[in-house]
There are 2 protein chains.
Amino acid sequence: MFYVIGLGLCDEKDITVRGLEAIKSSSRVYLEAYTSILMVDKSRLEAFYGKPVILADRDMVETQSDEILTDADKEDVSFLVVGDPFGATTHTDLLLRARSLSIPTRVIHNASILNAVGATGLALYSFGQAVSLVFFTETWKPDSFYDRIKENVRMGLHTLVLLDIKVKEQSEENLARGRKIFEPPRYMSVPQAISQLLEIEETRKENVLNPDSTLVISLSRVGGFPEASSPSDTNQNSGEQRIHAGTLSSLSSLPPSSFGDPLHSLVIVGRRLHTMEVEYASAFAADPAKWKEVAIQAYGVSGLD
Amino acid sequence: MFYVIGLGLCDEKDITVRGLEAIKSSSRVYLEAYTSILMVDKSRLEAFYGKPVILADRDMVETQSDEILTDADKEDVSFLVVGDPFGATTHTDLLLRARSLSIPTRVIHNASILNAVGATGLALYSFGQAVSLVFFTETWKPDSFYDRIKENVRMGLHTLVLLDIKVKEQSEENLARGRKIFEPPRYMSVPQAISQLLEIEETRKENVLNPDSTLVISLSRVGGFPEASSPSDTNQNSGEQRIHAGTLSSLSSLPPSSFGDPLHSLVIVGRRLHTMEVEYASAFAADPAKWKEVAIQAYGVSGLD
């Protein structure tokens with residue numbers, strides 16, 4: 001059996017009991033380590049599972065999938081994915097490949113940011129399509145996300161913005177020369193995301209986002225507990241979930257340390273905002289009075305204290 | 001600490017290791033049993049946890065929340081929710097109430113249908129807002145879901161349709177007379193949902209849904225394994241996940257038994273459909289050739305075999 005197992009969002013204890021049983025029965029265990037990250041090291045997973053974990057980078061998953069699938073028709077093989085297995089299309093690809101080799105497969109689901117974003121207090125049914133925001137370069141600033149956000153904003157829906165991560169990437173030069181030298185991992189921060197969003201608003205000027213009247217909520221390490229910190233981590237609470245609510249400009253002016261370690265996500269609040277959502281998220285606002293004031297004046301929310 | 005813990009979608013083993021630890025440390029454990037259901041009985045949870053579980057119906061959660069929260073500032077209390085804790089706004093309400101009583105809270109996330117719907121092979125990023133479909137009565141046929149589906153369809157997005165469940169409901173007569181007599185639980189089936197969708201299309205005639213050219217995918221017991229069947233269940237595989245893909249009319253003509261036991265959900269496929277999504281879901285089609293034909297002709301998908 002080829003198991004594709006979601007690990008949830010934080011650390012080794014977010015796996016399900018069913019997922020852990022599948023790992024225990026597996027002769028090989030792979031960890032997909034390039035579309036997302038857990039908050040803990042591979043060694044901590046290995047200690048918890050009592051067996052070695054093989055890191056699977058993009059290259060391995062996309063070009064050596066048959067190696068991963070070897071003998072999965074005769075024994076159990078587990079492929080671990082941070083969040084839920086269907087968060088990235090790569091994993092669908094792997095399941096298709098297994099199917100074509102007549103290997104039986106099972107998917108063990110878990111939380112992903114797409115539902116855990118409910119931690120903001122925003123209703124999951126008021127979210128439109130999610131968008132991804134990639135790191136801009138000097139010459140490459142893809143802005144199709146802006147149209148998606150516009151569609152959601154026009155309908156009054158919230159938008160989950162997933163922020164880019166770059167793990168085990170090669171520089172253009174190293175790639176061209178075939179040198180397997182990798183850049184240090186990079187994770188987009190909330191202030192950087194806001195800066196990119198506003199840069200595109202400046203260019204497109206379609207009045208989708210406004211620094212002072214668009215409300216946003218940031219999430220870092222959703223579902224994370226203080227004990228989720230890695231032992232090597234000097235900041236004891238770095239594993240703890242952090243949520244901040246405010247306008248685009250107020251969040252971009254918070255000190256970077258207030259967001260804590262990656263991963264970060266951002267929600268652009270839509271106009272179908274309800275009183276209870278505003279109340280719930282006001283606990284995450286640096287300035288709750290201002291948060292409510294914008295909700296009333298720019299979003300037309302009524303019934304607030 | 002007041003823990004709100006997601007149980008995932010199927011049975012006792014879908015809880016996370018972290019969630020199970022919280023239950024073990026708790027002096028009282030409540031199970032919210034009216035917005036969704038697991039596939040197994042309370043007794044199976046109790047045997048797995050090694051402690052009693054108190055069923056919390058709507059009445060208890062909405063009017064006796066302080067009883068649930070009693071002493072949660074001094075000891076651990078767990079409140080279990082099928083799927084992810086933020087699937088229903090009721091739980092947000094409970095967390096707000098805890099906050100107002102200065103009781104510390106923690107949410108332990110899990111899979112919900114909102115992300116596990118990826119099991120269809122449809123990309124989660126191509127989903128618009130989710131909608132709920134309630135049981136129609138002779139005199140009450142709320143159709144606001146139709147406008148939401150229309151918004152998604154116009155943008156080419158997929159729509160997850162959550163089907164109504166009625167657990168521990170009173171008849172109007174018993175309610176009026178104050179008699180605590182409850183109707184047997186009811187769960188909307190896929191054919192019934194399709195019939196309601198097409199009934200509203202007939203009335204509204206806005207060309208949002210078409211029996212023969214709108215593709216849909218149904219899901220029953222997502223993430224369910226054969227061993228998830230309840231021991232009292234005579235159908236050994238009733239716990240197993242079932243997915244069917246086809247047009248609205250082809251799914252509505254499948255025998256009811258093909259969908260298996262509740263819960264059922266339905267996805268209305270949007271026009272941003274990609275080749276890989278069609279390929280993946282073709283394994284769930286009773287008639288894969290027809291599935292692909294409609295994808296090509298009505299959805300304009302190219303690159304299929």
# chains A, B, ... in the order shown; residues from 1 in each chain; ligands from 1
call {"tool": "residues_around", "arguments": {"residues": "His264 in chain A", "least_positions_apart": "5", "cutoff": "9 Å", "atoms": "only C-alpha atoms", "output": "list of chain:residue names"}}
result
A:Leu162, A:Leu163, A:Tyr187, A:Met188, A:Ser189, A:Val190, A:Ser218, A:Leu219, A:Ser220, A:Arg221, A:Val222, A:Phe259
call {"tool": "interface_residues", "arguments": {"of": "chain B", "to": "chain A", "cutoff": "6 Å", "atoms": "only C-alpha atoms", "output": "ChimeraX atom specification"}}
result
/B:13-18,86,109-111,118,125,127-130
call {"tool": "select_by_dssp", "arguments": {"residues": "range 82-288 of chain A", "states": "alpha helix (DSSP H)", "output": "NGL selection string"}}
result
:A and (89-100 or 113-116 or 144-155 or 172-176 or 190-204 or 248-252 or 275-282 or 288)
call {"tool": "atom_distance", "arguments": {"atom1": "CA of Leu209 in chain B", "atom2": "CA of Val134 in chain B"}}
result
17.9 Å
call {"tool": "select_by_dssp", "arguments": {"residues": "range 52-83 of chain B", "states": "strand (DSSP E or B)", "output": "ChimeraX atom specification"}}
result
/B:54-56,77-81,83
call {"tool": "write_last_selection", "arguments": {"atoms": "C-alpha atoms", "output": "PDB file, in the first residue's frame"}}
result
ATOM      1  CA  ILE B  54     -20.824  13.577  27.070  1.00  0.00           C
ATOM      2  CA  LEU B  55     -22.983  14.209  23.992  1.00  0.00           C
ATOM      3  CA  ALA B  56     -23.587  17.925  23.494  1.00  0.00           C
ATOM      4  CA  VAL B  77     -11.947  20.275  29.483  1.00  0.00           C
ATOM      5  CA  SER B  78     -12.181  18.977  25.912  1.00  0.00           C
ATOM      6  CA  PHE B  79     -14.893  19.800  23.408  1.00  0.00           C
ATOM      7  CA  LEU B  80     -14.750  17.513  20.372  1.00  0.00           C
ATOM      8  CA  VAL B  81     -15.946  18.551  16.953  1.00  0.00           C
ATOM      9  CA  GLY B  83     -13.893  17.720  11.108  1.00  0.00           C
TER      10      GLY B  83
END
call {"tool": "residues_around", "arguments": {"residues": "Ser302 in chain B", "least_positions_apart": "3", "cutoff": "9 Å", "atoms": "only C-alpha atoms", "output": "PyMOL selection string"}}
result
chain B and resi 274-275+295-296
call {"tool": "residues_around", "arguments": {"residues": "range 288-292 of chain A", "least_positions_apart": "5", "cutoff": "7 Å", "atoms": "only C-alpha atoms", "output": "PyMOL selection string"}}
result
chain A and resi 246+278+282
call {"tool": "atom_distance", "arguments": {"atom1": "CA of Ile68 in chain A", "atom2": "CA of Leu38 in chain A"}}
result
21.0 Å
call {"tool": "atom_distance", "arguments": {"atom1": "CA of Pro256 in chain A", "atom2": "CA of Thr137 in chain A"}}
result
20.8 Å
call {"tool": "decode", "arguments": {"residues": "range 76-187 of chain A", "atoms": "C-alpha atoms", "output": "JSON list (two decimals), in the first residue's frame"}}
result
[["chain", "number", "residue", "atom", "x", "y", "z"],
["A", 76, "ASP", "CA", 3.75, -0.37, 2.89],
["A", 77, "VAL", "CA", 5.45, 2.85, 1.85],
["A", 78, "SER", "CA", 4.53, 6.20, 3.39],
["A", 79, "PHE", "CA", 4.89, 9.59, 1.76],
["A", 80, "LEU", "CA", 4.44, 12.41, 4.26],
["A", 81, "VAL", "CA", 3.15, 15.83, 3.32],
["A", 82, "VAL", "CA", 2.88, 18.89, 5.55],
["A", 83, "GLY", "CA", -0.76, 19.95, 5.91],
["A", 84, "ASP", "CA", -3.19, 17.91, 3.83],
["A", 85, "PRO", "CA", -1.96, 15.67, 0.99],
["A", 86, "PHE", "CA", -3.98, 17.51, -1.64],
["A", 87, "GLY", "CA", -2.54, 20.94, -0.89],
["A", 88, "ALA", "CA", -0.13, 20.64, -3.84],
["A", 89, "THR", "CA", -0.83, 19.15, -7.26],
["A", 90, "THR", "CA", 2.49, 17.30, -7.15],
["A", 91, "HIS", "CA", 0.93, 14.76, -4.86],
["A", 92, "THR", "CA", -2.00, 14.19, -7.18],
["A", 93, "ASP", "CA", 0.59, 13.46, -9.84],
["A", 94, "LEU", "CA", 2.26, 10.88, -7.61],
["A", 95, "LEU", "CA", -1.07, 9.18, -6.92],
["A", 96, "LEU", "CA", -1.80, 9.07, -10.67],
["A", 97, "ARG", "CA", 1.60, 7.48, -11.22],
["A", 98, "ALA", "CA", 0.88, 4.85, -8.55],
["A", 99, "ARG", "CA", -2.48, 4.14, -10.15],
["A", 100, "SER", "CA", -0.86, 3.57, -13.54],
["A", 101, "LEU", "CA", 1.48, 1.05, -11.89],
["A", 102, "SER", "CA", -1.52, -0.70, -10.24],
["A", 103, "ILE", "CA", -0.22, 0.14, -6.79],
["A", 104, "PRO", "CA", -3.00, 0.47, -4.19],
["A", 105, "THR", "CA", -3.05, 3.88, -2.54],
["A", 106, "ARG", "CA", -4.60, 5.49, 0.49],
["A", 107, "VAL", "CA", -4.72, 9.11, 1.50],
["A", 108, "ILE", "CA", -4.81, 10.07, 5.17],
["A", 109, "HIS", "CA", -6.12, 13.59, 5.53],
["A", 110, "ASN", "CA", -5.15, 16.29, 7.99],
["A", 111, "ALA", "CA", -5.59, 19.98, 8.65],
["A", 112, "SER", "CA", -4.31, 22.40, 6.05],
["A", 113, "ILE", "CA", -4.06, 26.16, 6.11],
["A", 114, "LEU", "CA", -7.16, 26.19, 3.88],
["A", 115, "ASN", "CA", -9.36, 25.18, 6.80],
["A", 116, "ALA", "CA", -7.15, 26.14, 9.76],
["A", 117, "VAL", "CA", -7.49, 29.74, 8.57],
["A", 118, "GLY", "CA", -10.74, 29.55, 10.54],
["A", 119, "ALA", "CA", -8.50, 30.33, 13.55],
["A", 120, "THR", "CA", -8.84, 33.98, 12.54],
["A", 121, "GLY", "CA", -12.54, 33.80, 13.43],
["A", 122, "LEU", "CA", -13.51, 34.48, 9.82],
["A", 123, "ALA", "CA", -16.25, 32.15, 8.52],
["A", 124, "LEU", "CA", -14.86, 29.52, 6.17],
["A", 125, "TYR", "CA", -17.97, 29.81, 4.00],
["A", 126, "SER", "CA", -17.16, 33.43, 3.23],
["A", 127, "PHE", "CA", -13.83, 32.62, 1.61],
["A", 128, "GLY", "CA", -13.45, 32.79, -2.14],
["A", 129, "GLN", "CA", -10.60, 31.23, -4.08],
["A", 130, "ALA", "CA", -7.20, 31.11, -2.39],
["A", 131, "VAL", "CA", -4.25, 32.74, -4.11],
["A", 132, "SER", "CA", -0.49, 32.27, -4.00],
["A", 133, "LEU", "CA", 1.94, 35.15, -3.90],
["A", 134, "VAL", "CA", 5.42, 34.45, -5.25],
["A", 135, "PHE", "CA", 8.63, 36.34, -4.53],
["A", 136, "PHE", "CA", 9.00, 39.21, -6.99],
["A", 137, "THR", "CA", 12.32, 39.74, -8.68],
["A", 138, "GLU", "CA", 13.53, 42.87, -10.46],
["A", 139, "THR", "CA", 12.27, 41.54, -13.77],
["A", 140, "TRP", "CA", 9.50, 39.11, -12.82],
["A", 141, "LYS", "CA", 6.43, 40.38, -11.01],
["A", 142, "PRO", "CA", 3.56, 38.09, -11.94],
["A", 143, "ASP", "CA", 0.31, 39.75, -10.94],
["A", 144, "SER", "CA", -2.46, 37.31, -11.86],
["A", 145, "PHE", "CA", -3.22, 36.99, -8.13],
["A", 146, "TYR", "CA", -4.51, 40.56, -8.31],
["A", 147, "ASP", "CA", -7.35, 39.52, -10.63],
["A", 148, "ARG", "CA", -8.28, 36.67, -8.34],
["A", 149, "ILE", "CA", -8.31, 38.95, -5.30],
["A", 150, "LYS", "CA", -10.37, 41.45, -7.28],
["A", 151, "GLU", "CA", -12.97, 38.78, -8.05],
["A", 152, "ASN", "CA", -13.22, 37.89, -4.37],
["A", 153, "VAL", "CA", -13.29, 41.52, -3.23],
["A", 154, "ARG", "CA", -16.04, 42.43, -5.70],
["A", 155, "MET", "CA", -18.16, 39.58, -4.31],
["A", 156, "GLY", "CA", -17.37, 40.52, -0.72],
["A", 157, "LEU", "CA", -15.44, 37.32, -0.02],
["A", 158, "HIS", "CA", -12.35, 36.81, 2.09],
["A", 159, "THR", "CA", -9.12, 35.78, 0.35],
["A", 160, "LEU", "CA", -6.47, 33.51, 1.80],
["A", 161, "VAL", "CA", -3.08, 34.55, 0.43],
["A", 162, "LEU", "CA", -0.43, 31.85, 0.64],
["A", 163, "LEU", "CA", 3.07, 33.25, 0.83],
["A", 164, "ASP", "CA", 5.90, 31.84, -1.23],
["A", 165, "ILE", "CA", 8.60, 29.60, 0.15],
["A", 166, "LYS", "CA", 11.85, 28.79, -1.59],
["A", 167, "VAL", "CA", 13.52, 25.65, -0.36],
["A", 168, "LYS", "CA", 16.53, 24.06, -2.03],
["A", 169, "GLU", "CA", 16.45, 26.42, -4.98],
["A", 170, "GLN", "CA", 19.45, 26.94, -7.25],
["A", 171, "SER", "CA", 20.59, 30.34, -8.43],
["A", 172, "GLU", "CA", 20.18, 30.89, -12.18],
["A", 173, "GLU", "CA", 23.93, 30.69, -12.58],
["A", 174, "ASN", "CA", 24.28, 27.44, -10.65],
["A", 175, "LEU", "CA", 21.32, 25.98, -12.50],
["A", 176, "ALA", "CA", 22.82, 26.92, -15.87],
["A", 177, "ARG", "CA", 26.15, 25.41, -14.92],
["A", 178, "GLY", "CA", 24.56, 22.28, -13.51],
["A", 179, "ARG", "CA", 26.03, 22.89, -10.09],
["A", 180, "LYS", "CA", 23.98, 21.34, -7.30],
["A", 181, "ILE", "CA", 24.58, 24.29, -4.99],
["A", 182, "PHE", "CA", 21.45, 25.47, -3.23],
["A", 183, "GLU", "CA", 20.45, 28.86, -1.91],
["A", 184, "PRO", "CA", 19.47, 29.22, 1.77],
["A", 185, "PRO", "CA", 15.71, 28.70, 2.27],
["A", 186, "ARG", "CA", 13.55, 31.82, 2.06],
["A", 187, "TYR", "CA", 10.06, 32.34, 3.41]]
